[in-house]
file model.cif (mmCIF, C-alpha atoms and all ligand atoms)
data_input
loop_
_atom_site.label_atom_id
_atom_site.label_comp_id
_atom_site.auth_asym_id
_atom_site.auth_seq_id
_atom_site.Cartn_x
_atom_site.Cartn_y
_atom_site.Cartn_z
CA MET A 1 -16.89 -18.49 -6.59
CA THR A 2 -16.50 -20.04 -3.15
CA GLN A 3 -12.90 -20.87 -3.93
CA ASP A 4 -12.45 -17.32 -5.14
CA LEU A 5 -13.72 -15.96 -1.84
CA GLU A 6 -11.44 -18.33 0.03
CA SER A 7 -8.37 -17.19 -1.86
CA GLN A 8 -9.41 -13.56 -1.38
CA THR A 9 -9.78 -14.19 2.34
CA ALA A 10 -6.29 -15.69 2.36
CA ALA A 11 -5.03 -12.60 0.51
CA VAL A 12 -6.56 -10.35 3.18
CA GLN A 13 -4.77 -12.43 5.82
CA THR A 14 -1.45 -12.09 3.95
CA ALA A 15 -1.98 -8.32 3.65
CA LEU A 16 -2.74 -8.09 7.36
CA GLU A 17 0.49 -9.93 8.19
CA ALA A 18 2.50 -7.57 5.97
CA VAL A 19 0.86 -4.47 7.48
CA THR A 20 1.38 -5.77 11.02
CA ASN A 21 5.07 -6.46 10.36
CA ARG A 22 5.57 -3.04 8.80
CA LEU A 23 3.91 -1.20 11.68
CA ALA A 24 6.04 -3.17 14.14
CA GLU A 25 9.15 -2.09 12.22
CA GLU A 26 7.98 1.54 12.11
CA LYS A 27 6.82 1.67 15.72
CA THR A 28 9.66 3.90 16.94
CA TYR A 29 9.54 6.13 13.88
CA LEU A 30 5.77 6.71 14.24
CA THR A 31 6.16 7.38 17.93
CA ASP A 32 8.93 9.90 17.19
CA LEU A 33 6.64 11.72 14.76
CA ASP A 34 3.85 11.71 17.35
CA SER A 35 6.15 12.92 20.11
CA ALA A 36 6.83 16.09 18.11
CA ILE A 37 3.17 17.13 17.82
CA GLY A 38 1.13 14.64 19.87
CA ASP A 39 1.41 12.34 22.85
CA ALA A 40 4.04 9.93 21.54
CA ASP A 41 1.80 6.89 21.42
CA HIS A 42 0.92 6.43 17.73
CA GLY A 43 3.61 3.83 17.02
CA ALA A 44 2.76 1.79 20.10
CA ASN A 45 -0.99 2.10 19.50
CA MET A 46 -0.82 0.97 15.91
CA ASN A 47 1.56 -1.86 16.72
CA ARG A 48 -0.60 -3.12 19.59
CA GLY A 49 -3.77 -2.80 17.51
CA PHE A 50 -2.48 -4.69 14.51
CA GLN A 51 -0.85 -7.42 16.61
CA ALA A 52 -4.27 -7.93 18.24
CA ALA A 53 -5.99 -7.88 14.84
CA LEU A 54 -3.57 -10.49 13.52
CA GLU A 55 -4.27 -12.74 16.51
CA LYS A 56 -8.03 -12.40 16.02
CA ALA A 57 -7.70 -13.01 12.30
CA GLU A 58 -5.66 -16.16 12.87
CA GLU A 59 -8.33 -17.46 15.28
CA SER A 60 -11.09 -16.49 12.89
CA ASP A 61 -12.85 -19.02 10.66
CA ALA A 62 -13.92 -16.28 8.24
CA GLU A 63 -14.52 -17.65 4.76
CA GLU A 64 -15.24 -14.35 3.06
CA PRO A 65 -13.05 -11.25 2.80
CA ALA A 66 -15.77 -8.96 4.17
CA GLU A 67 -16.01 -11.10 7.29
CA LEU A 68 -12.26 -11.10 7.90
CA VAL A 69 -11.95 -7.36 7.24
CA LYS A 70 -14.73 -6.76 9.77
CA THR A 71 -12.92 -8.94 12.32
CA ILE A 72 -9.80 -6.82 11.81
CA GLY A 73 -11.81 -3.63 12.36
CA VAL A 74 -13.40 -4.95 15.56
CA ALA A 75 -9.99 -5.93 16.95
CA LEU A 76 -8.55 -2.51 16.12
CA VAL A 77 -11.38 -0.68 17.86
CA SER A 78 -10.72 -2.53 21.09
CA ALA A 79 -6.92 -2.69 20.92
CA VAL A 80 -5.79 0.65 19.46
CA GLY A 81 -5.87 3.30 22.12
CA GLY A 82 -6.50 6.99 21.77
CA ALA A 83 -8.49 8.50 18.97
CA SER A 84 -7.02 6.15 16.38
CA GLY A 85 -8.98 3.03 17.47
CA PRO A 86 -12.44 4.18 16.40
CA LEU A 87 -10.97 6.02 13.42
CA TYR A 88 -8.99 3.13 11.94
CA GLY A 89 -11.00 0.22 13.36
CA GLY A 90 -14.52 1.62 13.27
CA SER A 91 -14.06 2.85 9.74
CA ILE A 92 -12.73 -0.53 8.58
CA MET A 93 -15.68 -2.26 10.28
CA SER A 94 -18.18 0.00 8.62
CA ALA A 95 -16.51 -0.13 5.19
CA SER A 96 -16.21 -3.94 5.30
CA GLN A 97 -19.85 -4.22 4.18
CA THR A 98 -18.86 -3.00 0.72
CA LEU A 99 -16.77 -6.14 0.23
CA GLU A 100 -19.69 -8.52 0.69
CA GLY A 101 -19.70 -10.85 -2.28
CA GLY A 102 -15.95 -10.48 -2.79
CA ILE A 103 -13.16 -8.09 -3.72
CA SER A 104 -13.30 -6.67 -7.24
CA ALA A 105 -12.25 -3.41 -8.86
CA GLU A 106 -15.73 -2.05 -8.12
CA THR A 107 -15.99 -3.19 -4.50
CA SER A 108 -12.44 -2.07 -3.73
CA VAL A 109 -13.34 1.44 -4.88
CA ALA A 110 -16.51 1.28 -2.77
CA PHE A 111 -14.46 0.14 0.22
CA ALA A 112 -11.94 2.94 -0.21
CA GLU A 113 -14.66 5.57 -0.49
CA ALA A 114 -16.63 4.23 2.45
CA TYR A 115 -13.48 4.11 4.57
CA LEU A 116 -12.54 7.70 3.72
CA GLU A 117 -16.07 8.98 4.35
CA THR A 118 -16.25 7.28 7.72
CA VAL A 119 -12.82 8.52 8.79
CA GLU A 120 -13.82 12.06 7.81
CA SER A 121 -17.17 11.96 9.59
CA ARG A 122 -15.89 10.22 12.74
CA GLY A 123 -12.78 12.38 12.95
CA LYS A 124 -14.64 15.51 11.79
CA ALA A 125 -11.51 16.12 9.74
CA SER A 126 -11.15 17.46 6.23
CA LEU A 127 -8.32 17.74 3.77
CA GLY A 128 -5.71 20.18 5.06
CA ASP A 129 -6.33 19.62 8.77
CA LYS A 130 -2.98 17.76 9.07
CA THR A 131 -4.43 14.32 9.75
CA MET A 132 -4.54 10.89 8.10
CA VAL A 133 -7.23 12.35 5.83
CA ASP A 134 -4.46 14.23 4.00
CA ALA A 135 -2.90 10.94 2.88
CA LEU A 136 -6.17 9.08 2.49
CA THR A 137 -8.06 11.61 0.37
CA PRO A 138 -5.56 11.85 -2.52
CA ALA A 139 -5.06 8.07 -2.36
CA VAL A 140 -8.77 7.25 -2.55
CA HIS A 141 -9.53 9.88 -5.19
CA THR A 142 -6.59 8.71 -7.31
CA TYR A 143 -7.63 5.06 -6.96
CA LYS A 144 -11.24 5.76 -7.95
CA LYS A 145 -10.26 7.96 -10.89
CA SER A 146 -7.67 5.45 -12.10
CA ILE A 147 -10.22 2.62 -12.09
CA GLU A 148 -13.37 4.41 -13.21
CA VAL A 149 -12.07 7.08 -15.57
CA ASP A 150 -8.69 5.83 -16.77
CA GLU A 151 -9.82 2.18 -16.65
CA LEU A 152 -6.50 1.04 -15.23
CA ALA A 153 -6.03 -2.39 -13.70
CA PRO A 154 -6.52 -2.37 -9.90
CA LEU A 155 -2.83 -3.02 -9.26
CA GLU A 156 -1.77 -0.06 -11.39
CA ALA A 157 -4.46 2.08 -9.76
CA LEU A 158 -3.18 1.06 -6.34
CA GLY A 159 0.36 2.03 -7.35
CA LYS A 160 -0.86 5.50 -8.30
CA ALA A 161 -2.85 5.72 -5.07
CA VAL A 162 0.24 4.95 -3.00
CA ASP A 163 2.15 7.65 -4.84
CA ALA A 164 -0.67 10.11 -4.15
CA ALA A 165 -0.67 9.14 -0.47
CA ARG A 166 3.09 9.73 -0.32
CA ARG A 167 2.64 13.24 -1.65
CA GLY A 168 -0.23 13.68 0.81
CA VAL A 169 2.08 12.81 3.70
CA GLU A 170 4.64 15.36 2.49
CA PHE A 171 1.82 17.90 2.22
CA THR A 172 1.07 17.57 5.96
CA THR A 173 4.48 18.89 7.05
CA PRO A 174 3.98 22.62 6.36
CA LEU A 175 0.38 22.60 7.61
CA ARG A 176 -0.88 23.89 10.93
CA ALA A 177 -2.83 21.13 12.69
CA LYS A 178 -6.54 21.75 13.07
CA LYS A 179 -7.60 18.44 14.64
CA GLY A 180 -6.54 16.31 17.55
CA ARG A 181 -3.85 16.92 20.11
CA ALA A 182 -1.52 18.46 17.53
CA SER A 183 -3.98 21.35 17.10
CA TYR A 184 -3.25 22.50 20.67
CA LEU A 185 0.24 23.38 19.49
CA GLY A 186 -1.14 25.87 17.00
CA TRP A 187 1.60 27.27 14.81
CA ARG A 188 4.20 25.10 16.52
CA SER A 189 2.72 22.10 14.72
CA VAL A 190 3.99 23.53 11.42
CA GLY A 191 7.08 21.76 10.10
CA HIS A 192 6.21 18.31 11.44
CA GLN A 193 4.94 15.38 9.37
CA ASP A 194 1.63 13.95 10.57
CA PRO A 195 1.96 10.49 12.15
CA GLY A 196 -1.56 9.31 11.18
CA ALA A 197 -1.01 10.24 7.54
CA THR A 198 2.32 8.43 7.72
CA SER A 199 0.91 5.18 9.12
CA THR A 200 -1.83 5.31 6.48
CA LEU A 201 0.88 5.50 3.81
CA PHE A 202 2.73 2.52 5.35
CA ILE A 203 -0.49 0.46 5.27
CA LEU A 204 -1.11 1.35 1.62
CA GLU A 205 2.50 0.55 0.70
CA GLU A 206 2.12 -2.91 2.21
CA LEU A 207 -1.20 -3.52 0.41
CA LEU A 208 0.56 -2.64 -2.84
CA ALA A 209 3.53 -4.90 -2.05
CA VAL A 210 1.25 -7.86 -1.26
CA ALA A 211 -0.92 -7.27 -4.33
CA THR A 212 2.16 -6.99 -6.55
CA GLU A 213 3.64 -10.18 -5.18
CA ALA A 214 0.33 -12.02 -5.59
CA LEU A 215 0.10 -10.92 -9.21
CA ASN A 216 3.69 -11.88 -10.00
CA GLY A 217 3.03 -15.25 -8.42
CA GLU A 218 0.06 -15.73 -10.72
CA VAL A 219 2.02 -14.66 -13.76
CA GLU A 220 4.71 -17.22 -13.00
CA VAL A 221 2.17 -19.97 -12.48
CA ASP A 222 0.24 -19.08 -15.64
CA ALA A 223 3.29 -18.56 -17.84
CA GLU A 224 3.86 -21.25 -20.46
CA SER A 225 7.57 -20.69 -20.45
CA ASP A 226 9.58 -21.64 -17.39
CA VAL A 227 12.61 -19.60 -18.43
CA HIS A 228 13.66 -17.21 -15.69
CA PRO A 229 16.19 -14.41 -16.12
CA GLU A 230 18.71 -16.25 -13.95
CA ASP A 231 18.49 -19.34 -16.19
CA ILE A 232 19.53 -17.46 -19.31
CA ASP A 233 23.05 -18.33 -20.49
CA VAL A 234 24.70 -14.92 -20.66
CA GLU A 235 27.70 -16.29 -22.64
CA SER A 236 25.45 -17.57 -25.38
CA LEU A 237 23.84 -14.14 -25.66
CA GLU A 238 27.25 -12.49 -25.99
CA THR A 239 28.24 -14.95 -28.72
CA GLU A 240 25.10 -14.13 -30.65
CA ALA A 241 25.72 -10.42 -30.23
CA ASP A 242 29.00 -10.80 -32.18
CA ILE A 243 27.00 -11.06 -35.35
CA GLU A 244 25.36 -7.68 -35.67
CA PRO A 245 23.35 -6.68 -38.74
CA GLU A 246 25.92 -3.91 -39.43
CA ASP A 247 28.73 -6.47 -39.39
CA LEU A 248 26.96 -8.58 -41.98
CA LYS A 249 26.50 -5.56 -44.23
CA THR A 250 30.11 -4.43 -44.16
CA GLY A 251 31.52 -7.92 -44.02
CA GLU A 252 33.58 -7.04 -40.95
CA THR A 253 32.74 -10.04 -38.79
CA ASP A 254 36.08 -10.27 -37.03
CA GLY A 255 34.98 -10.53 -33.42
CA GLY A 256 38.48 -9.71 -32.14
CA THR A 257 38.38 -6.05 -33.15
CA GLU A 258 34.70 -5.28 -32.72
CA SER A 259 34.99 -3.16 -29.60
CA GLU A 260 37.78 -1.01 -31.05
CA GLY A 261 35.94 -0.82 -34.34
CA GLY A 262 32.87 0.57 -32.55
CA GLY A 263 34.98 3.41 -31.19
CA GLU A 264 36.18 4.49 -34.62
CA HIS A 265 32.72 5.26 -35.99
MG MG B 1 -1.01 10.09 19.86
#
call {"tool": "encode", "arguments": {"input": "model.cif", "output": "structure tokens"}}
result
Amino acid sequence: MTQDLESQTAAVQTALEAVTNRLAEEKTYLTDLDSAIGDADHGANMNRGFQAALEKAEESDAEEPAELVKTIGVALVSAVGGASGPLYGGSIMSASQTLEGGISAETSVAFAEAYLETVESRGKASLGDKTMVDALTPAVHTYKKSIEVDELAPLEALGKAVDAARRGVEFTTPLRAKKGRASYLGWRSVGHQDPGATSTLFILEELLAVATEALNGEVEVDAESDVHPEDIDVESLETEADIEPEDLKTGETDGGTESEGGGEH
């Protein structure tokens, strides 16, 4: 169990690194989105916040995922400027309690729900207000339903959640903003994709990428066979393919004319 918690803590660290890298790459794009309907700081804020969170996490001696997730939240609150700090960071801090005892299908659903609820209550935002809630709500609802109703594996559920978030981001474009700075633009906010919903999608995409890679790694380690696709001798497969069941039936096993023969039928 302790080892389990340690490896889960390491997985959280890996996910944080992936998210931090992604937000650094998307810094200009997020700022461009925010410059259309906000104050052009979302990319810089998120980048600064996650760089700070990564530093704190590297210094941290957290041995449990809940502890490390809380550390990330605390760092985000102090390092992300604007309204996003308390929204992203404070909500992560508060939701981190649900992970006490470890990350499982059940606690990950609890975390997702707690995070969404806190973002909604702190931001006083609801679905359709053209905020990060528009990406988060479909993602969290899809994740919970996939786990609890459809009984999918967490990785598959996360894949569906990311897809739902992507559609949520697209959904923000034709909406008129009702919260935050974008709401001051009124109808002029229509036609622009919401930056907060977009960064939420990027974070979820990275969580999925890290989880997928971790699972593939496990599959390779657990697999009894060490045959990889690149090790397979393609020529030997082609030789075997010369003897098709149809060829045996008709007695036409002359490999030299097989391709032309196929065209005649
Ligand atoms: Mg802004």
call {"tool": "residues_near_ligand", "arguments": {"input": "model.cif", "ligand": "ligand MG 1 (chain B)", "cutoff": "7 Å", "atoms": "all atoms listed in the file", "output": "ChimeraX atom specification"}}
result
/A:34,38-42,82
call {"tool": "residues_around", "arguments": {"input": "model.cif", "residues": "Ile37 in chain A", "least_positions_apart": "5", "cutoff": "12 Å", "atoms": "only C-alpha atoms", "output": "VMD selection string"}}
result
chain A and resid 30 to 32 42 130 to 131 173 175 to 196
call {"tool": "closest_residue", "arguments": {"input": "model.cif", "among": "A:Glu26, A:Glu58, A:Glu106, A:Glu67", "to": "Ala153 in chain A", "atoms": "all atoms listed in the file"}}
result
A:Glu106
call {"tool": "residues_around", "arguments": {"input": "model.cif", "residues": "Arg167 in chain A", "least_positions_apart": "5", "cutoff": "10 Å", "atoms": "all atoms listed in the file", "output": "NGL selection string"}}
result
:A and (134-135 or 138-139 or 161-162 or 172 or 201)
call {"tool": "atom_distance", "arguments": {"input": "model.cif", "atom1": "CA of Glu148 in chain A", "atom2": "CA of Ala112 in chain A"}}
result
13.2 Å
call {"tool": "residues_around", "arguments": {"input": "model.cif", "residues": "Met93 in chain A", "least_positions_apart": "3", "cutoff": "9 Å", "atoms": "only C-alpha atoms", "output": "list in words"}}
result
Val69, Lys70, Thr71, Ile72, Gly73, Val74, Val77, Tyr88, Gly89, Gly90, Ser96, Gln97 and Tyr115 of chain A
call {"tool": "atom_distance", "arguments": {"input": "model.cif", "atom1": "CA of Ala197 in chain A", "atom2": "CA of Val140 in chain A"}}
result
13.1 Å
call {"tool": "atom_distance", "arguments": {"input": "model.cif", "atom1": "CA of Asp4 in chain A", "atom2": "CA of Leu87 in chain A"}}
result
29.9 Å
call {"tool": "residues_around", "arguments": {"input": "model.cif", "residues": "Ile103 in chain A", "least_positions_apart": "5", "cutoff": "12 Å", "atoms": "all atoms listed in the file", "output": "PyMOL selection string"}}
result
chain A and resi 1+4-12+64-67+69+96-98+108-112+154
call {"tool": "residues_around", "arguments": {"input": "model.cif", "residues": "Glu59 in chain A", "least_positions_apart": "2", "cutoff": "12 Å", "atoms": "all atoms listed in the file", "output": "list of chain:residue names"}}
result
A:Gln13, A:Ala52, A:Ala53, A:Leu54, A:Glu55, A:Lys56, A:Ala57, A:Asp61, A:Ala62, A:Leu68, A:Thr71, A:Ile72, A:Ala75
call {"tool": "build_atoms", "arguments": {"input": "model.cif", "residues": "range 68-98 of chain A", "atoms": "N, CA and C atoms", "output": "tab-separated table (two decimals), in the frame of the given file"}}
result
chain	number	residue	atom	x	y	z
A	68	LEU	N	-13.60	-11.23	7.30
A	68	LEU	CA	-12.26	-11.10	7.90
A	68	LEU	C	-11.89	-9.63	8.10
A	69	VAL	N	-12.24	-8.80	7.12
A	69	VAL	CA	-11.95	-7.36	7.24
A	69	VAL	C	-12.71	-6.78	8.44
A	70	LYS	N	-13.95	-7.24	8.63
A	70	LYS	CA	-14.73	-6.76	9.77
A	70	LYS	C	-14.08	-7.19	11.09
A	71	THR	N	-13.61	-8.43	11.12
A	71	THR	CA	-12.92	-8.94	12.32
A	71	THR	C	-11.71	-8.08	12.66
A	72	ILE	N	-10.98	-7.68	11.62
A	72	ILE	CA	-9.80	-6.82	11.81
A	72	ILE	C	-10.23	-5.48	12.42
A	73	GLY	N	-11.31	-4.91	11.87
A	73	GLY	CA	-11.81	-3.63	12.36
A	73	GLY	C	-12.22	-3.71	13.82
A	74	VAL	N	-12.94	-4.78	14.18
A	74	VAL	CA	-13.40	-4.95	15.56
A	74	VAL	C	-12.20	-5.03	16.51
A	75	ALA	N	-11.19	-5.78	16.10
A	75	ALA	CA	-9.99	-5.93	16.95
A	75	ALA	C	-9.28	-4.59	17.11
A	76	LEU	N	-9.23	-3.82	16.04
A	76	LEU	CA	-8.55	-2.51	16.12
A	76	LEU	C	-9.27	-1.56	17.05
A	77	VAL	N	-10.61	-1.58	16.98
A	77	VAL	CA	-11.38	-0.68	17.86
A	77	VAL	C	-11.04	-0.95	19.32
A	78	SER	N	-10.95	-2.24	19.67
A	78	SER	CA	-10.72	-2.53	21.09
A	78	SER	C	-9.25	-2.45	21.49
A	79	ALA	N	-8.33	-2.62	20.53
A	79	ALA	CA	-6.92	-2.69	20.92
A	79	ALA	C	-6.11	-1.43	20.66
A	80	VAL	N	-6.54	-0.60	19.71
A	80	VAL	CA	-5.79	0.65	19.46
A	80	VAL	C	-6.32	1.69	20.44
A	81	GLY	N	-5.43	2.29	21.16
A	81	GLY	CA	-5.87	3.30	22.12
A	81	GLY	C	-6.08	4.65	21.46
A	82	GLY	N	-6.38	5.62	22.25
A	82	GLY	CA	-6.50	6.99	21.77
A	82	GLY	C	-7.61	7.16	20.76
A	83	ALA	N	-7.46	8.17	19.95
A	83	ALA	CA	-8.49	8.50	18.97
A	83	ALA	C	-8.39	7.59	17.75
A	84	SER	N	-7.25	6.92	17.60
A	84	SER	CA	-7.02	6.15	16.38
A	84	SER	C	-7.86	4.87	16.31
A	85	GLY	N	-8.22	4.28	17.45
A	85	GLY	CA	-8.98	3.03	17.47
A	85	GLY	C	-10.28	3.13	16.70
A	86	PRO	N	-11.17	4.03	17.13
A	86	PRO	CA	-12.44	4.18	16.40
A	86	PRO	C	-12.23	4.68	14.97
A	87	LEU	N	-11.19	5.49	14.76
A	87	LEU	CA	-10.97	6.02	13.42
A	87	LEU	C	-10.54	4.92	12.46
A	88	TYR	N	-9.48	4.20	12.82
A	88	TYR	CA	-8.99	3.13	11.94
A	88	TYR	C	-9.96	1.94	11.98
A	89	GLY	N	-10.23	1.45	13.20
A	89	GLY	CA	-11.00	0.22	13.36
A	89	GLY	C	-12.46	0.37	12.98
A	90	GLY	N	-13.10	1.42	13.53
A	90	GLY	CA	-14.52	1.62	13.27
A	90	GLY	C	-14.78	1.86	11.79
A	91	SER	N	-13.87	2.56	11.16
A	91	SER	CA	-14.06	2.85	9.74
A	91	SER	C	-13.86	1.59	8.90
A	92	ILE	N	-12.92	0.74	9.30
A	92	ILE	CA	-12.73	-0.53	8.58
A	92	ILE	C	-13.96	-1.41	8.75
A	93	MET	N	-14.47	-1.46	10.01
A	93	MET	CA	-15.68	-2.26	10.28
A	93	MET	C	-16.83	-1.84	9.38
A	94	SER	N	-17.06	-0.53	9.38
A	94	SER	CA	-18.18	0.00	8.62
A	94	SER	C	-17.99	-0.21	7.12
A	95	ALA	N	-16.77	0.00	6.63
A	95	ALA	CA	-16.51	-0.13	5.19
A	95	ALA	C	-16.50	-1.59	4.73
A	96	SER	N	-16.32	-2.52	5.67
A	96	SER	CA	-16.21	-3.94	5.30
A	96	SER	C	-17.46	-4.44	4.57
A	97	GLN	N	-18.59	-3.81	4.84
A	97	GLN	CA	-19.85	-4.22	4.18
A	97	GLN	C	-19.77	-4.13	2.65
A	98	THR	N	-18.95	-3.19	2.18
A	98	THR	CA	-18.86	-3.00	0.72
A	98	THR	C	-18.19	-4.18	0.03
